[in-house]
Structures are given as C-alpha cells and as structure tokens.
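Visitor: Okay, handing you the structure first.
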Amino acid sequence: MEDHGHMMLGHIGLSREDLGDPDNMRKLHNLGEPQQDIGNILQQIMTITEESLDEAQARKHALNCHRMKPALFSVLCEIKERSALSLRGVQEEDGPDPQIMRLDNMLLAEGVTGLERGGDSAAAATVAVTAGVSPNDGSSLEHTEYREKLAHIRHMYHTELEKYEQACTEFTDHVMNLLREQSRTRPVSPKEIERMVGIIHRKFSSIQMQLKQSTCEAVMILRSRFLDARRKRRNFSKQAADVLNEYFYTHLANPYPSEEAKEELAKKCSITVSQVANWFGNKRIRYKKNVAKLHDEANLYTRMPAASVSSEASQANSPVTPKSGGCPAPCYTPDGS
DNA sequence: CAAAATGATTCTGC
DNA sequence: GCAGAATCATTTTG
C-alpha cells in the first residue's frame, strides 16, 4: 500500500514531501486556501488499513464526505489509468472467434439453433413424411425418431444456454455492483468496470463454447447413428442380384464394368451407380476369397463346364502362399489383361 | 439366437 | 480416382 501510493504520486512527478507542503498543493490545484491539508488526507488513506475495522469504516465515511473527494478520486483514477495496472486486458480485442463461428454455423446447419420449428417437431416430421414423395420403406419411422432426438438435443442446448446467460448476467450485475460500491472508496473508473464486464463475458462465452462443442458432438453421433446408410441397409431384390451376377459371371475374365455398363446395370436393377460399384467391389473380393463356395453359383449363371474352374477353385482354397507365387484363384487378372 | 450373407464405409496403396 | 482389403452394421438363414 505504501509503495503503491508512493509510486502513484511519483507518476505525476511529486514526492510525498511536495504534497505535504500546503503551498505546493495550493499551487498545484489552483485552490484558494484549503483549510484541510491534502497531504494529510492522503496520509489518512495510506494508513487506513492499519486501523481497526470500525475505525477504518468511520474513516472511509469521513473521507467520502470530504469536499475534495471527487477531485482527488478523478486524479487517482487518472493515475491508475496511466499505470501498468490498467494496461492489462487491452490486448484481447479480437473480433468474433473463428472457432465459435464454426460451431455456430454447424449448429445452425443441423437445425439446433436458428428458427424453432415448433416444440412438436415429431408431428411436423410426420406431416412432412405423409406429404412426401414415396410412402414406401420404413425410413419415415427412423426419420421421425431422428427428429425427436434432434429436438431433444435442441431443447437441452437451449435450456443450458439460457442458464449460462442468466448466470452471466447475474454475475456481471453482481461484479458491477461490487465495483460501483468499491469505487466509492478506491479509484475504480467506469472504464475499468466496462473492461471487467468484457472479461466476464469472454469467460462465459468460452464456457458457452464448450456447450456448443459438446452439442455438436452429440449431433454428429446422432447423425452417424441414424443417417449412416449402413444402418438402414436393404438387400437388393432377387431380380437385381440375378442381373448383377449374370454380368459378373459372364465377364469373369474381366469383371470391371465400364461407366456405361454400370449405368445400365444400375438402371436395370433400379439402384444407383455407386451401389453397382460397391456390389462389384464386394463381389470381386469375396469371389476371390472363396471361389470354391461360389463355384456352383458360377455354373448357375454361366452354365460353363465345371472342369474349367475347378482347378482354380482348389488352388484358391489351398492355405499356402496367398500373396506370393502368382495369382492363386480368380479367372481374371487385376491388371485387366 | 449364432452364423452366414450382404451392402456400405473406411483405409491404404498406386 | 479407383481397386483391394478390412471392417461395420444390418439382414437373412439354419
């Protein structure tokens, strides 16, 4: 306290001795003839902590009512403003955090934030489904379930956010009141209060970011749980399987359909081109893995003489040298020759 | 209900 | 970007 006070006085180029001199003070503040010695006041402020609580309380009140108080207060605020104490917090003047922006955008895209589509989103979903294009598969049920879960996440997010915001304003109010209260006895400028509010808001927004982060994670998990195509897999129809198998076994020497061929197969089987590609990818590797098991199937679709593949099949089943020593099983060669 | 089959995804190497 | 391989998640089968 002593050193601090001394430092502050030193800032404006005065020693305590200078202040202690009534003539100097009079010159400095251009006052008429102060009955009270300002040096004396400062001395009282400096030693206030050495007094007992009651004494200090009384002293504070007395000083507070002193007619020089406003002037002295503003001077002290100014000194503090110039000192290193108030330099902190200035550097954190960045705009909207890119991380927060990213999370906000994602939450908006997933429908967690943004316009509320009613508390009964499940009902809205069923309406959308019944009005939808095809009333075929059971995906509508999954869809409503997804909407329900998403609505739940949204509800949680908003209640949590509300709690945080309430806590933030409460805490800010509390701190502001405290600082205003304190500003009656120690130099706390409005600017400083403003800065403190900024710091509090930053802290709370970093907490909010954690909420947003975990909400994003929850939505991602939900998405992977419901929107992952693997989870709503349907086997192709027998007819489609026949078409695909027929192509595969009649092109066994080179079972790599061109883009056009894939498109045609896709149309024939009423599936997508990528599904055709998936099918051929799976088929090639599984055929290769187990030629013997598929032997009968091959005959079924190509009506080829069994002798032509049986030797290869037995090779494929043999446990020796799966990778070295030449191609073990398939009729085709991966290089397309 | 466990195993097999199957469609889709992910990872790696080219 | 594609093919192969491994793997996942679901459906079908015995």
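Chain labels follow the order of the structure tokens: the first chain is A, the next B, and so on; residue numbering restarts at 1 in every chain, and ligands are counted from 1 in their shown order.
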Once you count only C-alpha atoms (C1' of nucleotides), which residues of chain A turn out to be within 12 Å of chain B? Could you give them as a list in words?
Guide: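 On the chain A side, the interface is Ser224, Asp228, Ala229, Arg230, Arg231, Lys232, Arg233, Arg234, Asn235, Phe236, Ser237, Ala241, Ile271, Ser274, Gln275, Val276, Ala277, Asn278, Trp279, Phe280, Gly281, Asn282, Lys283 and Arg286 of chain A.
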Visitor: Could the residues of chain C within 8 Å of chain A, counting only C-alpha atoms (C1' of nucleotides), be given as a CSV table (one decimal) with C-alpha atoms (C1' of nucleotides), in the first residue's frame, please?
Guide:
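Wrote part_5.csv, looks like this:
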```csv
chain,number,residue,atom,x,y,z
C,3,DA,C1',-9.2,-51.1,-56.6
C,4,DG,C1',-8.3,-54.1,-52.8
C,8,DC,C1',-19.0,-52.3,-39.8
C,9,DA,C1',-23.9,-52.9,-39.2
C,10,DT,C1',-27.7,-55.0,-40.7
C,11,DT,C1',-30.5,-58.8,-42.8
```
Visitor: If I take atom CA of A:Glu160 and atom CA of A:Arg202, how far is one from the other in Å, to one decimal?
Guide: 17.4 Å
Visitor: Interatomic distance between atom CA of A:Glu259 and atom CA of A:Asp242?
Guide: 19.6 Å
